[in-house]
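Pasted below: model_15.tsv, TSV, C-alpha atoms.
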```tsv
chain	number	residue	atom	x	y	z
A	1	MET	CA	-24.00	8.71	-28.43
A	2	HIS	CA	-20.87	8.49	-26.31
A	3	SER	CA	-19.18	11.51	-24.86
A	4	SER	CA	-15.68	11.36	-23.45
A	5	VAL	CA	-14.81	12.69	-20.02
A	6	THR	CA	-11.28	13.68	-19.02
A	7	LEU	CA	-10.63	13.18	-15.31
A	8	THR	CA	-7.61	13.52	-13.08
A	9	LEU	CA	-7.57	10.23	-11.17
A	10	ASN	CA	-5.11	9.97	-8.29
A	11	GLY	CA	-3.03	12.64	-9.96
A	12	GLU	CA	-3.07	11.18	-13.47
A	13	SER	CA	-5.11	12.37	-16.42
A	14	ARG	CA	-7.39	9.67	-17.86
A	15	VAL	CA	-10.07	9.73	-20.53
A	16	PHE	CA	-13.27	7.73	-20.07
A	17	GLU	CA	-16.16	7.10	-22.40
A	18	GLY	CA	-19.41	8.03	-20.76
A	19	PRO	CA	-22.24	5.50	-20.99
A	20	ALA	CA	-24.59	5.80	-23.96
A	21	ASP	CA	-27.56	6.60	-21.77
A	22	GLY	CA	-26.24	9.60	-19.87
A	23	PRO	CA	-23.35	11.12	-17.98
A	24	LEU	CA	-20.65	9.17	-16.12
A	25	SER	CA	-21.40	8.51	-12.45
A	26	VAL	CA	-18.96	7.63	-9.69
A	27	SER	CA	-20.53	4.15	-9.45
A	28	ARG	CA	-20.00	3.58	-13.13
A	29	LEU	CA	-16.41	4.81	-12.92
A	30	LEU	CA	-15.60	2.45	-10.02
A	31	ALA	CA	-17.15	-0.44	-11.93
A	32	VAL	CA	-15.07	0.38	-15.01
A	33	LEU	CA	-11.95	0.50	-12.84
A	34	GLY	CA	-12.84	-2.84	-11.22
A	35	LEU	CA	-12.98	-1.44	-7.70
A	36	GLU	CA	-15.20	-2.72	-4.90
A	37	THR	CA	-17.08	0.25	-3.54
A	38	LYS	CA	-16.97	-1.17	-0.01
A	39	LYS	CA	-13.19	-1.01	0.19
A	40	VAL	CA	-12.49	2.46	-1.17
A	41	ALA	CA	-13.39	6.08	-0.53
A	42	VAL	CA	-13.71	8.82	-3.12
A	43	GLU	CA	-12.98	12.51	-2.98
A	44	ARG	CA	-14.05	14.73	-5.86
A	45	ASN	CA	-12.49	18.17	-6.14
A	46	GLU	CA	-11.41	17.92	-2.51
A	47	GLU	CA	-14.92	17.07	-1.28
A	48	ILE	CA	-15.92	13.64	0.02
A	49	VAL	CA	-18.43	11.77	-2.13
A	50	PRO	CA	-20.59	9.77	0.30
A	51	ARG	CA	-20.88	6.13	-0.72
A	52	SER	CA	-24.67	6.43	-0.71
A	53	ARG	CA	-24.44	8.99	-3.50
A	54	TYR	CA	-22.06	7.26	-5.91
A	55	ALA	CA	-24.88	6.43	-8.30
A	56	GLU	CA	-26.10	9.99	-8.55
A	57	THR	CA	-22.80	11.85	-8.50
A	58	TRP	CA	-22.06	12.81	-12.08
A	59	LEU	CA	-18.56	13.45	-13.30
A	60	ALA	CA	-17.53	16.14	-15.73
A	61	SER	CA	-14.35	16.83	-17.65
A	62	GLY	CA	-11.84	18.60	-15.44
A	63	ASP	CA	-12.94	16.87	-12.23
A	64	SER	CA	-10.14	15.71	-10.00
A	65	LEU	CA	-10.71	12.51	-8.03
A	66	GLU	CA	-8.82	10.80	-5.26
A	67	ILE	CA	-9.64	7.15	-4.78
A	68	VAL	CA	-8.09	5.71	-1.62
A	69	HIS	CA	-8.09	2.61	0.54
A	70	PHE	CA	-6.49	1.39	3.76
A	71	ILE	CA	-2.96	0.07	3.66
A	72	GLY	CA	-0.48	-0.90	6.35
A	73	GLY	CA	0.75	2.05	8.39
A	74	GLY	CA	2.01	2.98	11.83
B	75	MET	CA	-14.73	-8.97	39.49
B	76	ASP	CA	-12.66	-8.30	42.57
B	77	GLY	CA	-9.50	-7.32	40.77
B	78	THR	CA	-7.57	-10.43	41.72
B	79	ILE	CA	-5.28	-12.01	39.21
B	80	ALA	CA	-5.08	-15.72	38.64
B	81	PRO	CA	-1.53	-17.01	39.17
B	82	GLU	CA	-1.48	-17.98	35.52
B	83	GLY	CA	-3.46	-16.74	32.62
B	84	PRO	CA	-4.58	-13.36	31.47
B	85	VAL	CA	-5.77	-10.43	33.51
B	86	THR	CA	-9.33	-10.07	32.35
B	87	ASP	CA	-10.72	-7.25	34.44
B	88	ASP	CA	-8.13	-4.55	33.83
B	89	THR	CA	-9.57	-2.82	30.81
B	90	TRP	CA	-9.18	0.69	29.47
B	91	THR	CA	-11.69	2.82	27.63
B	92	VAL	CA	-11.24	5.40	24.90
B	93	ALA	CA	-14.17	7.34	23.44
B	94	GLY	CA	-16.61	4.88	24.99
B	95	ARG	CA	-14.93	1.78	23.55
B	96	THR	CA	-13.42	-0.64	26.05
B	97	PHE	CA	-10.35	-2.74	25.33
B	98	GLN	CA	-8.50	-5.50	27.08
B	99	SER	CA	-5.16	-5.13	25.31
B	100	ARG	CA	-3.06	-2.11	26.12
B	101	LEU	CA	-0.90	-2.53	23.06
B	102	ILE	CA	-1.86	-0.75	19.83
B	103	VAL	CA	0.20	-1.81	16.84
B	104	GLY	CA	0.82	-0.36	13.42
B	105	THR	CA	0.39	-2.43	10.29
B	106	GLY	CA	3.17	-0.83	8.24
B	107	ARG	CA	6.65	-1.81	7.09
B	108	TYR	CA	6.28	-5.58	7.25
B	109	LYS	CA	7.80	-7.88	4.66
B	110	ASP	CA	4.35	-8.73	3.32
B	111	LEU	CA	0.71	-8.82	4.34
B	112	GLU	CA	0.95	-12.39	5.54
B	113	GLU	CA	3.67	-11.45	8.05
B	114	THR	CA	1.62	-8.39	9.04
B	115	GLY	CA	-1.32	-10.62	9.92
B	116	ARG	CA	0.77	-13.08	11.93
B	117	ALA	CA	2.61	-10.37	13.90
B	118	ILE	CA	-0.59	-8.59	14.78
B	119	GLU	CA	-2.17	-11.80	15.92
B	120	ALA	CA	0.85	-12.53	18.12
B	121	SER	CA	0.76	-9.03	19.65
B	122	GLY	CA	-2.70	-9.59	21.04
B	123	ALA	CA	-3.61	-6.04	19.98
B	124	GLU	CA	-7.25	-5.14	19.52
B	125	ILE	CA	-6.61	-1.80	17.82
B	126	VAL	CA	-4.38	-1.47	14.75
B	127	THR	CA	-3.34	1.72	13.03
B	128	VAL	CA	-3.77	1.89	9.28
B	129	ALA	CA	-2.79	4.41	6.62
B	130	VAL	CA	-4.97	5.86	3.88
B	131	ARG	CA	-3.38	5.90	0.44
B	132	ARG	CA	-4.30	6.13	-3.22
B	133	VAL	CA	-5.48	2.89	-4.78
B	134	ASN	CA	-3.04	1.61	-7.40
B	135	LEU	CA	-5.39	1.90	-10.36
B	136	SER	CA	-3.16	-0.19	-12.59
B	137	ASP	CA	-3.44	-3.18	-10.23
B	138	THR	CA	-6.87	-3.06	-8.62
B	139	GLY	CA	-6.89	-6.80	-7.92
B	140	ALA	CA	-3.85	-6.65	-5.60
B	141	PRO	CA	-4.35	-8.20	-2.13
B	142	MET	CA	-5.58	-5.75	0.47
B	143	LEU	CA	-4.84	-5.27	4.13
B	144	GLN	CA	-8.41	-6.23	5.04
B	145	ASP	CA	-7.79	-9.70	3.63
B	146	TYR	CA	-5.09	-10.31	6.27
B	147	VAL	CA	-6.16	-8.08	9.16
B	148	ASP	CA	-9.89	-8.51	9.54
B	149	PRO	CA	-11.63	-5.20	10.31
B	150	LYS	CA	-14.37	-7.15	12.06
B	151	LYS	CA	-11.83	-8.57	14.50
B	152	TYR	CA	-9.59	-5.51	14.95
B	153	THR	CA	-10.55	-1.88	15.45
B	154	TYR	CA	-8.97	-0.01	12.57
B	155	LEU	CA	-7.51	3.31	13.69
B	156	PRO	CA	-6.83	5.35	10.56
B	157	ASN	CA	-3.83	7.65	10.83
B	158	THR	CA	-2.59	10.69	8.97
B	159	ALA	CA	1.01	9.55	8.64
B	160	GLY	CA	2.74	11.49	5.92
B	161	CYS	CA	0.52	14.55	6.36
B	162	PHE	CA	2.51	17.74	6.78
B	163	THR	CA	-0.40	20.19	6.87
B	164	ALA	CA	-3.66	20.38	8.77
B	165	ASN	CA	-5.63	20.36	5.53
B	166	GLU	CA	-4.00	17.13	4.28
B	167	ALA	CA	-4.73	15.48	7.62
B	168	VAL	CA	-8.37	16.54	7.63
B	169	ARG	CA	-8.96	15.40	4.03
B	170	THR	CA	-7.25	12.08	4.76
B	171	LEU	CA	-9.41	11.35	7.78
B	172	ARG	CA	-12.61	12.34	6.03
B	173	LEU	CA	-11.73	9.78	3.38
B	174	ALA	CA	-10.91	7.24	6.09
B	175	ARG	CA	-14.28	7.80	7.71
B	176	GLU	CA	-15.99	7.22	4.41
B	177	ALA	CA	-13.94	4.10	3.66
B	178	GLY	CA	-14.34	2.60	7.11
B	179	GLY	CA	-17.44	4.17	8.53
B	180	TRP	CA	-16.08	5.12	11.96
B	181	ASN	CA	-15.07	8.30	13.74
B	182	LEU	CA	-12.19	7.15	15.95
B	183	VAL	CA	-8.97	8.32	14.32
B	184	LYS	CA	-5.33	9.03	15.02
B	185	LEU	CA	-4.23	12.52	14.10
B	186	GLU	CA	-0.62	13.31	13.40
B	187	VAL	CA	0.64	16.40	11.59
B	188	LEU	CA	4.35	16.10	11.07
B	189	GLY	CA	7.27	18.42	10.57
B	190	PRO	CA	9.88	17.68	7.90
B	191	PRO	CA	12.38	14.80	7.90
B	192	PRO	CA	14.69	13.78	9.45
B	193	LEU	CA	12.80	14.23	12.74
B	194	LEU	CA	9.13	14.08	11.64
B	195	TYR	CA	8.54	15.86	14.91
B	196	PRO	CA	4.88	16.71	15.66
B	197	ASP	CA	3.94	20.07	14.12
B	198	MET	CA	1.82	21.36	16.97
B	199	GLN	CA	0.39	24.36	15.16
B	200	GLY	CA	-0.87	22.14	12.36
B	201	THR	CA	-2.04	19.59	14.92
B	202	PHE	CA	-4.15	22.17	16.76
B	203	GLU	CA	-5.69	23.42	13.50
B	204	ALA	CA	-6.56	19.93	12.31
B	205	ALA	CA	-7.87	18.82	15.72
B	206	ALA	CA	-10.23	21.80	15.85
B	207	VAL	CA	-11.70	21.04	12.42
B	208	LEU	CA	-11.98	17.29	13.06
B	209	ILE	CA	-13.63	17.62	16.46
B	210	LYS	CA	-16.15	20.09	15.03
B	211	ASP	CA	-16.80	17.57	12.26
B	212	GLY	CA	-17.67	14.81	14.76
B	213	PHE	CA	-14.41	12.87	14.84
B	214	GLU	CA	-13.02	11.28	17.99
B	215	VAL	CA	-9.40	12.27	17.85
B	216	MET	CA	-6.52	10.39	19.41
B	217	VAL	CA	-3.66	12.81	18.93
B	218	TYR	CA	0.06	12.31	18.43
B	219	CYS	CA	1.86	15.25	19.98
B	220	ALA	CA	5.04	16.70	21.38
B	221	ASP	CA	5.90	15.98	25.01
B	222	ASP	CA	4.66	19.44	25.93
B	223	PRO	CA	2.45	19.67	29.04
B	224	LEU	CA	0.67	22.83	27.85
B	225	ALA	CA	-0.03	21.42	24.39
B	226	ALA	CA	-1.29	18.17	25.88
B	227	ARG	CA	-3.64	19.99	28.20
B	228	ARG	CA	-4.90	22.23	25.41
B	229	LEU	CA	-5.59	19.24	23.15
B	230	GLN	CA	-7.57	17.61	25.93
B	231	ASP	CA	-9.53	20.80	26.58
B	232	MET	CA	-10.36	21.02	22.86
B	233	GLY	CA	-11.94	17.57	23.08
B	234	CYS	CA	-9.28	15.10	21.95
B	235	VAL	CA	-10.09	11.64	23.32
B	236	ALA	CA	-6.51	10.47	23.90
B	237	ILE	CA	-3.18	12.26	24.28
B	238	MET	CA	-0.25	10.43	22.68
B	239	PRO	CA	3.15	12.10	22.98
B	240	LEU	CA	6.30	10.68	21.52
B	241	GLY	CA	8.99	8.97	23.60
B	242	ALA	CA	11.49	9.53	20.78
B	243	PRO	CA	11.18	10.29	17.04
B	244	ILE	CA	8.96	8.02	14.93
B	245	GLY	CA	10.75	4.85	13.87
B	246	SER	CA	13.92	5.77	15.77
B	247	GLY	CA	13.74	2.88	18.22
B	248	LEU	CA	15.64	5.02	20.73
B	249	GLY	CA	13.40	4.11	23.64
B	250	LEU	CA	11.74	6.63	25.95
B	251	GLN	CA	14.02	9.64	26.17
B	252	ASN	CA	11.65	11.63	28.36
B	253	PRO	CA	10.14	9.46	31.09
B	254	ALA	CA	10.02	12.25	33.66
B	255	MET	CA	8.29	14.65	31.26
B	256	LEU	CA	5.81	11.97	30.17
B	257	ARG	CA	4.97	11.38	33.81
B	258	MET	CA	4.44	15.10	34.43
B	259	ILE	CA	2.18	15.45	31.39
B	260	MET	CA	0.20	12.39	32.40
B	261	GLU	CA	-0.55	13.87	35.79
B	262	ASN	CA	-2.32	16.80	34.11
B	263	VAL	CA	-4.37	14.75	31.68
B	264	THR	CA	-7.56	12.83	32.44
B	265	VAL	CA	-8.26	11.25	29.04
B	266	PRO	CA	-6.29	8.12	28.07
B	267	PHE	CA	-2.57	8.76	27.81
B	268	LEU	CA	-0.38	6.71	25.47
B	269	VAL	CA	3.22	6.75	24.35
B	270	ASP	CA	3.06	6.75	20.59
B	271	ALA	CA	6.59	6.64	19.18
B	272	GLY	CA	10.13	5.74	20.10
B	273	VAL	CA	9.76	2.25	21.54
B	274	GLY	CA	12.63	0.08	20.33
B	275	THR	CA	12.35	-3.10	22.32
B	276	ALA	CA	10.25	-4.81	24.96
B	277	SER	CA	11.77	-3.06	27.99
B	278	ASP	CA	10.84	0.34	26.50
B	279	ALA	CA	7.20	-0.69	26.32
B	280	ALA	CA	7.36	-1.99	29.88
B	281	ILE	CA	8.83	1.32	31.06
B	282	ALA	CA	5.99	3.23	29.41
B	283	MET	CA	3.45	1.07	31.19
B	284	GLU	CA	5.29	1.28	34.52
B	285	LEU	CA	5.05	5.06	34.24
B	286	GLY	CA	1.28	4.64	34.23
B	287	CYS	CA	0.41	5.04	30.56
B	288	ASP	CA	-2.98	3.60	29.62
B	289	ALA	CA	-1.51	1.94	26.54
B	290	VAL	CA	1.44	1.96	24.15
B	291	LEU	CA	1.38	2.44	20.40
B	292	LEU	CA	4.21	1.09	18.30
B	293	ASN	CA	4.99	-0.27	14.84
B	294	SER	CA	8.64	-0.30	13.81
B	295	ALA	CA	9.85	-2.03	16.98
B	296	ILE	CA	7.92	-5.09	15.83
B	297	ALA	CA	8.09	-4.72	12.06
B	298	HIS	CA	11.85	-4.06	11.99
B	299	ALA	CA	12.81	-6.78	14.44
B	300	LYS	CA	14.67	-9.74	12.92
B	301	ASP	CA	11.72	-11.91	13.87
B	302	PRO	CA	8.65	-9.67	13.97
B	303	VAL	CA	6.26	-12.35	15.17
B	304	LEU	CA	8.51	-13.19	18.13
B	305	MET	CA	8.94	-9.49	18.95
B	306	ALA	CA	5.17	-9.06	18.82
B	307	ARG	CA	4.89	-11.71	21.53
B	308	ALA	CA	7.63	-9.94	23.51
B	309	MET	CA	5.74	-6.64	23.29
B	310	LYS	CA	2.53	-8.26	24.45
B	311	ALA	CA	4.33	-9.70	27.48
B	312	ALA	CA	6.16	-6.43	28.18
B	313	VAL	CA	3.02	-4.32	28.13
B	314	GLU	CA	1.28	-6.78	30.43
B	315	ALA	CA	4.29	-6.91	32.78
B	316	GLY	CA	4.65	-3.15	32.86
B	317	ARG	CA	0.97	-2.70	33.58
B	318	LEU	CA	1.02	-5.26	36.39
B	319	ALA	CA	4.10	-3.59	37.89
B	320	PHE	CA	2.37	-0.21	37.77
B	321	ARG	CA	-0.68	-1.61	39.49
B	322	ALA	CA	1.45	-3.45	42.04
B	323	GLY	CA	3.29	-0.23	42.91
B	324	ARG	CA	7.05	-0.40	42.84
B	325	MET	CA	9.15	-0.39	46.00
B	326	PRO	CA	10.75	2.90	46.98
B	327	ARG	CA	14.26	3.56	45.73
B	328	ARG	CA	16.85	3.91	48.46
B	329	MET	CA	20.46	4.94	48.43
B	330	GLY	CA	21.99	1.96	50.12
B	331	ALA	CA	21.42	-1.69	50.81
B	332	ASP	CA	18.57	-3.22	52.73
B	333	PRO	CA	19.12	-6.94	53.03
B	334	SER	CA	16.40	-9.38	52.16
B	335	SER	CA	17.60	-12.04	54.59
B	336	PRO	CA	17.38	-11.49	58.34
B	337	LEU	CA	20.50	-10.20	60.00
B	338	THR	CA	19.69	-12.14	63.18
B	339	GLY	CA	20.43	-15.79	63.93
B	340	LEU	CA	23.66	-15.77	61.94
B	341	ILE	CA	26.26	-18.39	62.78
B	342	ARG	CA	29.37	-17.02	64.36
```

Could the structure of this file be written out as structure tokens, please?
Amino acid sequence: MHSSVTLTLNGESRVFEGPADGPLSVSRLLAVLGLETKKVAVERNEEIVPRSRYAETWLASGDSLEIVHFIGGG
Amino acid sequence: MDGTIAPEGPVTDDTWTVAGRTFQSRLIVGTGRYKDLEETGRAIEASGAEIVTVAVRRVNLSDTGAPMLQDYVDPKKYTYLPNTAGCFTANEAVRTLRLAREAGGWNLVKLEVLGPPPLLYPDMQGTFEAAAVLIKDGFEVMVYCADDPLAARRLQDMGCVAIMPLGAPIGSGLGLQNPAMLRMIMENVTVPFLVDAGVGTASDAAIAMELGCDAVLLNSAIAHAKDPVLMARAMKAAVEAGRLAFRAGRMPRRMGADPSSPLTGLIR
């Protein structure tokens, strides 16, 4: 059974299908988005999600995530 | 090392240390506002910098395969110094640097909390608030600040690891407008002291170093030059020249001439 999760990702509302075997984790979300975990950082509801806990951090509808990386800057 | 300098070649024993990390180059360069990442990489290479500032921004989720800064500026070769450019409140700056720490895995950061355009002048109240939170949270904070001797001293006393006042507004290229004040602030600060904004061309960077700054931080002066790679080389040379001149100790200024050739033995 799939359940859908509505997240605010970098300011935009997106709907994701959770995996059949349980809730949606941050790891799973990054994989779906095609992002390398080593090059990004994730904040969930204004709290840092440590990289070591991506696999066990479960997302729920209404969560707001910021996914960032380094770019050129002065 | 005895501090002597080979007639040609680099000075290898004149290092500086911030938060326990020692560097040879006294030029820190930004990685922003270049034509493309390829030019960014070449200019940074030419600058000889060992530390580069980087910004933290949202990933473009509709184009996750786009080339990344790390592909052109190797984080194993350069020390990435994440900044808080574009942060106008203490809270934004703190959140940004916590994300940077998670993305990069290091504590050394550049804090800047800015006032509104067109000046983007350092917002010192926000800067103090953010510095307090970050230092408590284990960050090593290099701080962009106003050229205010009391603020600089307070930031040092709070535990900031480098004090970095502006020489002129960010990206203005006006050159150092406040050399006397920078000098006075520097004399009251014991942690590394850098000029962080306002450099427009090579002579400005040399002036900062002649004043006795430990290093200079700049971005636009290279990125907005007609030939950024050539200007990066110029900045490298200017910072080295300015540093050597500071160490050499300039001659005293005098109001009047003092001839270099003997005044005796002249033909008559």

Please identify all residues of chain A having at least one atom at most 8 Å from any atom of chain B, considering all atoms listed in the file, and return them as a list of chain:residue names.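 Using all atoms listed in the file, chain A residues at most 8 Å from chain B: A:Asn10, A:Leu33, A:Gly34, A:Leu35, A:Lys38, A:Lys39, A:Val40, A:Ala41, A:Val42, A:Glu43, A:Glu46, A:Ile48, A:Pro50, A:Arg51, A:Glu66, A:Ile67, A:Val68, A:His69, A:Phe70, A:Ile71, A:Gly72, A:Gly73, A:Gly74.
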
For CA of Ser99 in chain B and CA of Ala280 in chain B, quote the distance in Å rounded to one decimal.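 Rounded to one decimal, the two atoms are 13.7 Å apart.
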
With all atoms listed in the file as the atoms that count, which of B:Glu261, B:Glu186, B:Glu113, B:Asp88 lies nearest to Ala306 in chain B? B:Glu113

Go ahead and find all residues with at least one atom no further than 6 Å from (14.9, -3.9, 17.8) in the file's coordinates, using all atoms listed in the file; report them as a ChimeraX atom specification. /B:274-275,295,299

Length of the CA of Val269 in chain B to CA of Gly247 in chain B vector [Å]: 12.8 Å

Would you mind telling me which residue in A:Val15, A:Glu47, A:Leu7, A:Ala20 lies nearest to Val168 in chain B when using all atoms listed in the file? A:Glu47

Compute the distance from (-19.1, 2.9, -10.7) to each atom, counting all atoms listed in the file, keep the residues with any atom at most 12 Å away, and return them as a ChimeraX atom specification; use the coordinates of the file. /A:18-19,23-38,40,42,51-59,67

Which distance in Å separates CA of Ser246 in chain B and CA of Ala164 in chain B, to one decimal?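 About the pair CA of Ser246 in chain B and CA of Ala164 in chain B: they are 23.9 Å apart.
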
Which residues are near Arg317 in chain B? Cut-off 7 Å, only C-alpha atoms, ignore same chain within fewer than 3 positions. Put them as a ChimeraX atom specification. /B:283-284,313-314,320-321

Long-range neighbours of Gly62 in chain A as a ChimeraX atom specification, 9 Å cut-off, only C-alpha atoms, 6 positions minimum in chain: /A:5-8
